[in-house]
$ cat upload_38.pdb   # PDB, C-alpha atoms
MODEL        1
ATOM      1  CA  MET W   1    -185.734  65.132  74.268  1.00  0.00           C
ATOM      2  CA  LYS W   2    -186.145  62.168  76.575  1.00  0.00           C
ATOM      3  CA  ALA W   3    -188.711  62.478  79.379  1.00  0.00           C
ATOM      4  CA  PRO W   4    -187.341  62.352  82.939  1.00  0.00           C
ATOM      5  CA  SER W   5    -187.534  59.005  84.688  1.00  0.00           C
ATOM      6  CA  SER W   6    -190.246  58.459  87.273  1.00  0.00           C
ATOM      7  CA  CYS W   7    -187.845  56.352  89.362  1.00  0.00           C
ATOM      8  CA  PRO W   8    -187.296  57.951  92.799  1.00  0.00           C
ATOM      9  CA  ILE W   9    -183.654  56.828  92.854  1.00  0.00           C
ATOM     10  CA  SER W  10    -183.084  58.541  89.522  1.00  0.00           C
ATOM     11  CA  GLY W  11    -184.724  61.694  90.874  1.00  0.00           C
ATOM     12  CA  ALA W  12    -182.528  61.665  93.979  1.00  0.00           C
ATOM     13  CA  VAL W  13    -179.384  61.103  91.917  1.00  0.00           C
ATOM     14  CA  GLU W  14    -180.397  64.026  89.712  1.00  0.00           C
ATOM     15  CA  VAL W  15    -180.217  66.320  92.757  1.00  0.00           C
ATOM     16  CA  LEU W  16    -177.589  64.642  94.970  1.00  0.00           C
ATOM     17  CA  GLY W  17    -175.547  62.467  92.627  1.00  0.00           C
ATOM     18  CA  ASP W  18    -172.677  64.847  92.026  1.00  0.00           C
ATOM     19  CA  ARG W  19    -169.468  64.584  94.067  1.00  0.00           C
ATOM     20  CA  TRP W  20    -169.276  68.281  94.849  1.00  0.00           C
ATOM     21  CA  THR W  21    -172.933  68.505  95.842  1.00  0.00           C
ATOM     22  CA  LEU W  22    -172.482  65.812  98.477  1.00  0.00           C
ATOM     23  CA  LEU W  23    -169.271  67.412  99.769  1.00  0.00           C
ATOM     24  CA  VAL W  24    -170.943  70.826 100.072  1.00  0.00           C
ATOM     25  CA  LEU W  25    -173.784  69.177 102.012  1.00  0.00           C
ATOM     26  CA  ARG W  26    -171.249  67.374 104.192  1.00  0.00           C
ATOM     27  CA  ASP W  27    -169.621  70.677 105.090  1.00  0.00           C
ATOM     28  CA  VAL W  28    -172.933  72.401 105.851  1.00  0.00           C
ATOM     29  CA  VAL W  29    -174.244  69.466 107.911  1.00  0.00           C
ATOM     30  CA  PHE W  30    -171.194  68.257 109.822  1.00  0.00           C
ATOM     31  CA  ALA W  31    -168.889  71.306 109.856  1.00  0.00           C
ATOM     32  CA  ASP W  32    -171.582  74.025 110.144  1.00  0.00           C
ATOM     33  CA  ARG W  33    -170.077  75.974 107.239  1.00  0.00           C
ATOM     34  CA  ARG W  34    -172.910  78.235 106.122  1.00  0.00           C
ATOM     35  CA  TYR W  35    -171.162  81.021 104.238  1.00  0.00           C
ATOM     36  CA  PHE W  36    -169.596  80.906 100.778  1.00  0.00           C
ATOM     37  CA  ARG W  37    -166.081  81.785 101.995  1.00  0.00           C
ATOM     38  CA  ALA W  38    -166.189  79.159 104.777  1.00  0.00           C
ATOM     39  CA  LEU W  39    -167.321  76.506 102.305  1.00  0.00           C
ATOM     40  CA  LEU W  40    -164.637  77.532  99.818  1.00  0.00           C
ATOM     41  CA  THR W  41    -161.691  77.638 102.208  1.00  0.00           C
ATOM     42  CA  GLY W  42    -162.850  74.814 104.478  1.00  0.00           C
ATOM     43  CA  SER W  43    -163.076  72.162 101.792  1.00  0.00           C
ATOM     44  CA  ALA W  44    -160.160  69.734 102.098  1.00  0.00           C
ATOM     45  CA  GLU W  45    -160.855  68.690  98.515  1.00  0.00           C
ATOM     46  CA  GLY W  46    -160.205  72.203  97.165  1.00  0.00           C
ATOM     47  CA  ILE W  47    -163.466  73.099  95.438  1.00  0.00           C
ATOM     48  CA  ALA W  48    -163.177  75.829  92.808  1.00  0.00           C
ATOM     49  CA  THR W  49    -165.114  79.068  93.262  1.00  0.00           C
ATOM     50  CA  ASN W  50    -167.262  78.574  90.153  1.00  0.00           C
ATOM     51  CA  ILE W  51    -168.097  74.958  91.082  1.00  0.00           C
ATOM     52  CA  LEU W  52    -169.105  75.964  94.613  1.00  0.00           C
ATOM     53  CA  ALA W  53    -171.270  78.822  93.342  1.00  0.00           C
ATOM     54  CA  ASP W  54    -172.975  76.473  90.862  1.00  0.00           C
ATOM     55  CA  ARG W  55    -173.643  73.771  93.475  1.00  0.00           C
ATOM     56  CA  LEU W  56    -175.065  76.264  95.955  1.00  0.00           C
ATOM     57  CA  VAL W  57    -177.455  77.575  93.288  1.00  0.00           C
ATOM     58  CA  ARG W  58    -178.482  74.010  92.418  1.00  0.00           C
ATOM     59  CA  LEU W  59    -179.074  73.109  96.083  1.00  0.00           C
ATOM     60  CA  VAL W  60    -181.202  76.220  96.585  1.00  0.00           C
ATOM     61  CA  GLU W  61    -183.183  75.533  93.399  1.00  0.00           C
ATOM     62  CA  ALA W  62    -183.732  71.917  94.509  1.00  0.00           C
ATOM     63  CA  GLY W  63    -185.074  73.065  97.877  1.00  0.00           C
ATOM     64  CA  ILE W  64    -182.215  71.519  99.886  1.00  0.00           C
ATOM     65  CA  LEU W  65    -180.813  74.875 101.048  1.00  0.00           C
ATOM     66  CA  THR W  66    -182.150  78.383 101.431  1.00  0.00           C
ATOM     67  CA  ARG W  67    -180.031  81.465 100.858  1.00  0.00           C
ATOM     68  CA  GLY W  68    -180.548  84.292 103.288  1.00  0.00           C
ATOM     69  CA  THR W  69    -180.875  87.787 101.946  1.00  0.00           C
ATOM     70  CA  ALA W  70    -177.766  89.879 102.352  1.00  0.00           C
ATOM     71  CA  MET W  71    -177.514  93.621 102.142  1.00  0.00           C
ATOM     72  CA  ARG W  72    -174.703  95.122 100.095  1.00  0.00           C
ATOM     73  CA  GLY W  73    -171.383  94.253 101.708  1.00  0.00           C
ATOM     74  CA  GLN W  74    -172.865  91.483 103.838  1.00  0.00           C
ATOM     75  CA  ARG W  75    -172.459  87.749 103.431  1.00  0.00           C
ATOM     76  CA  ALA W  76    -175.433  85.538 102.628  1.00  0.00           C
ATOM     77  CA  ARG W  77    -175.963  82.639 105.011  1.00  0.00           C
ATOM     78  CA  TYR W  78    -177.137  79.279 103.715  1.00  0.00           C
ATOM     79  CA  SER W  79    -179.517  77.176 105.786  1.00  0.00           C
ATOM     80  CA  LEU W  80    -180.777  73.643 105.393  1.00  0.00           C
ATOM     81  CA  THR W  81    -184.436  73.074 104.648  1.00  0.00           C
ATOM     82  CA  GLU W  82    -186.268  70.049 106.009  1.00  0.00           C
ATOM     83  CA  ALA W  83    -185.436  68.286 102.725  1.00  0.00           C
ATOM     84  CA  GLY W  84    -181.770  69.103 103.340  1.00  0.00           C
ATOM     85  CA  ILE W  85    -181.927  67.812 106.901  1.00  0.00           C
ATOM     86  CA  GLN W  86    -183.458  64.591 105.586  1.00  0.00           C
ATOM     87  CA  THR W  87    -180.185  63.947 103.690  1.00  0.00           C
ATOM     88  CA  VAL W  88    -178.385  63.270 106.997  1.00  0.00           C
ATOM     89  CA  PRO W  89    -179.087  59.499 106.993  1.00  0.00           C
ATOM     90  CA  ILE W  90    -177.799  59.335 103.411  1.00  0.00           C
ATOM     91  CA  LEU W  91    -174.594  61.141 104.389  1.00  0.00           C
ATOM     92  CA  TYR W  92    -174.191  58.863 107.406  1.00  0.00           C
ATOM     93  CA  ALA W  93    -174.648  55.756 105.250  1.00  0.00           C
ATOM     94  CA  LEU W  94    -172.048  57.006 102.762  1.00  0.00           C
ATOM     95  CA  GLY W  95    -169.665  57.880 105.608  1.00  0.00           C
ATOM     96  CA  VAL W  96    -169.995  54.469 107.263  1.00  0.00           C
ATOM     97  CA  TRP W  97    -169.511  52.715 103.930  1.00  0.00           C
ATOM     98  CA  GLY W  98    -166.442  54.879 103.239  1.00  0.00           C
ATOM     99  CA  GLN W  99    -164.964  54.135 106.675  1.00  0.00           C
ATOM    100  CA  ASN W 100    -165.388  50.413 106.069  1.00  0.00           C
ATOM    101  CA  TRP W 101    -164.359  50.152 102.437  1.00  0.00           C
ATOM    102  CA  ARG W 102    -162.168  53.096 101.424  1.00  0.00           C
ATOM    103  CA  PRO W 103    -158.738  54.054 102.737  1.00  0.00           C
ATOM    104  CA  GLY W 104    -158.491  57.175 104.840  1.00  0.00           C
ATOM    105  CA  ASP W 105    -158.334  58.269 108.416  1.00  0.00           C
ATOM    106  CA  ALA W 106    -160.645  61.286 108.503  1.00  0.00           C
ATOM    107  CA  ASP W 107    -163.688  60.751 110.655  1.00  0.00           C
ATOM    108  CA  VAL W 108    -166.321  63.338 109.793  1.00  0.00           C
ATOM    109  CA  LEU W 109    -169.234  61.537 111.406  1.00  0.00           C
ATOM    110  CA  PRO W 110    -170.117  62.800 114.861  1.00  0.00           C
ATOM    111  CA  GLU W 111    -170.646  60.341 117.694  1.00  0.00           C
ATOM    112  CA  ALA W 112    -174.283  61.396 117.894  1.00  0.00           C
ATOM    113  CA  GLY W 113    -176.520  59.394 115.612  1.00  0.00           C
ATOM    114  CA  PRO W 114    -178.455  60.743 112.629  1.00  0.00           C
ATOM    115  CA  ASP W 115    -181.614  61.453 114.669  1.00  0.00           C
ATOM    116  CA  GLU W 116    -179.734  63.610 117.176  1.00  0.00           C
ATOM    117  CA  VAL W 117    -177.869  65.434 114.411  1.00  0.00           C
ATOM    118  CA  MET W 118    -181.131  66.066 112.554  1.00  0.00           C
ATOM    119  CA  ALA W 119    -182.767  67.474 115.710  1.00  0.00           C
ATOM    120  CA  ALA W 120    -179.827  69.835 116.289  1.00  0.00           C
ATOM    121  CA  LEU W 121    -179.883  70.938 112.640  1.00  0.00           C
ATOM    122  CA  ARG W 122    -183.607  71.682 112.851  1.00  0.00           C
ATOM    123  CA  GLU W 123    -182.965  73.981 115.806  1.00  0.00           C
ATOM    124  CA  ARG W 124    -180.012  75.705 114.152  1.00  0.00           C
ATOM    125  CA  HIS W 125    -181.354  75.986 110.594  1.00  0.00           C
ATOM    126  CA  LEU W 126    -185.149  75.998 110.788  1.00  0.00           C
ATOM    127  CA  ASP W 127    -185.951  77.638 114.113  1.00  0.00           C
ATOM    128  CA  ALA W 128    -183.374  80.396 113.705  1.00  0.00           C
ATOM    129  CA  SER W 129    -184.372  81.335 110.146  1.00  0.00           C
TER     130      SER W 129
ENDMDL
END
$ encode --input "upload_38.pdb" --output "structure tokens"
Amino acid sequence: MKAPSSCPISGAVEVLGDRWTLLVLRDVVFADRRYFRALLTGSAEGIATNILADRLVRLVEAGILTRGTAMRGQRARYSLTEAGIQTVPILYALGVWGQNWRPGDADVLPEAGPDEVMAALRERHLDAS
């Protein structure tokens, strides 16, 4: 078995390099979807239930999200960790590149810049946990 690369870009791609992972993060960060059902039904791309469940597990295991404990019959709420909040500039950069170079008219990026979004996310996800 080949040893993992020590390259930080390779390490980041290992965690974030999947299409669905980035779209789940987009929905948590910019659309404040924090429950499984909201992420499933709110995705314009139509993510499958098993794919969403897998990506949420991966994001929790990678320390990007936390999963709140839910009693029987309750829904578990996902929250961003500081590592998850630090993905905001990456998502912004991808969004700006997409607006400039890919066709489409959806504008998911808020008018507030990454720093303001990160501050608001810290209040909503870290302080309220």
$ closest_residue --input "upload_38.pdb" --among "W:Ala76, W:Ala38, W:Ala12, W:Val24" --to "W:Leu52" --atoms "all atoms listed in the file"
W:Val24
$ atom_distance --input "upload_38.pdb" --atom1 "atom CA of W:Thr21" --atom2 "atom CA of W:Ile47"
10.5 Å
$ atom_distance --input "upload_38.pdb" --atom1 "atom CA of W:Glu123" --atom2 "atom CA of W:Ala83"
14.5 Å
$ residues_around --input "upload_38.pdb" --residues "W:Ala62" --least-positions-apart "6" --cutoff "12 Å" --atoms "only C-alpha atoms" --output "short mmCIF file (atom, residue, chain, number, x, y, z; two decimals) with C-alpha atoms, in the frame of the given file"
data_model
loop_
_atom_site.label_atom_id
_atom_site.label_comp_id
_atom_site.auth_asym_id
_atom_site.auth_seq_id
_atom_site.Cartn_x
_atom_site.Cartn_y
_atom_site.Cartn_z
CA GLY W 11 -184.72 61.69 90.87
CA ALA W 12 -182.53 61.66 93.98
CA VAL W 13 -179.38 61.10 91.92
CA GLU W 14 -180.40 64.03 89.71
CA VAL W 15 -180.22 66.32 92.76
CA LEU W 16 -177.59 64.64 94.97
CA THR W 21 -172.93 68.50 95.84
CA ARG W 55 -173.64 73.77 93.48
CA LEU W 56 -175.06 76.26 95.96
CA LEU W 80 -180.78 73.64 105.39
CA THR W 81 -184.44 73.07 104.65
CA GLU W 82 -186.27 70.05 106.01
CA ALA W 83 -185.44 68.29 102.72
CA GLY W 84 -181.77 69.10 103.34
#
$ resolve_selection --input "upload_38.pdb" --expression "the PyMOL selection byres ((chain W and resi 108-119) around 9)" --output "ChimeraX atom specification"
/W:26,29-31,85-86,88-89,91-92,95-96,106-107,120-124
$ write_last_selection --input "upload_38.pdb" --atoms "C-alpha atoms" --output "PDB file, keeping the file's coordinate frame"
ATOM      1  CA  ARG W  26    -171.249  67.374 104.192  1.00  0.00           C
ATOM      2  CA  VAL W  29    -174.244  69.466 107.911  1.00  0.00           C
ATOM      3  CA  PHE W  30    -171.194  68.257 109.822  1.00  0.00           C
ATOM      4  CA  ALA W  31    -168.889  71.306 109.856  1.00  0.00           C
ATOM      5  CA  ILE W  85    -181.927  67.812 106.901  1.00  0.00           C
ATOM      6  CA  GLN W  86    -183.458  64.591 105.586  1.00  0.00           C
ATOM      7  CA  VAL W  88    -178.385  63.270 106.997  1.00  0.00           C
ATOM      8  CA  PRO W  89    -179.087  59.499 106.993  1.00  0.00           C
ATOM      9  CA  LEU W  91    -174.594  61.141 104.389  1.00  0.00           C
ATOM     10  CA  TYR W  92    -174.191  58.863 107.406  1.00  0.00           C
ATOM     11  CA  GLY W  95    -169.665  57.880 105.608  1.00  0.00           C
ATOM     12  CA  VAL W  96    -169.995  54.469 107.263  1.00  0.00           C
ATOM     13  CA  ALA W 106    -160.645  61.286 108.503  1.00  0.00           C
ATOM     14  CA  ASP W 107    -163.688  60.751 110.655  1.00  0.00           C
ATOM     15  CA  ALA W 120    -179.827  69.835 116.289  1.00  0.00           C
ATOM     16  CA  LEU W 121    -179.883  70.938 112.640  1.00  0.00           C
ATOM     17  CA  ARG W 122    -183.607  71.682 112.851  1.00  0.00           C
ATOM     18  CA  GLU W 123    -182.965  73.981 115.806  1.00  0.00           C
ATOM     19  CA  ARG W 124    -180.012  75.705 114.152  1.00  0.00           C
TER      20      ARG W 124
END
$ closest_residue --input "upload_38.pdb" --among "W:Ser6, W:Leu25, W:Pro103, W:Trp20" --to "W:Ala48" --atoms "only C-alpha atoms"
W:Trp20
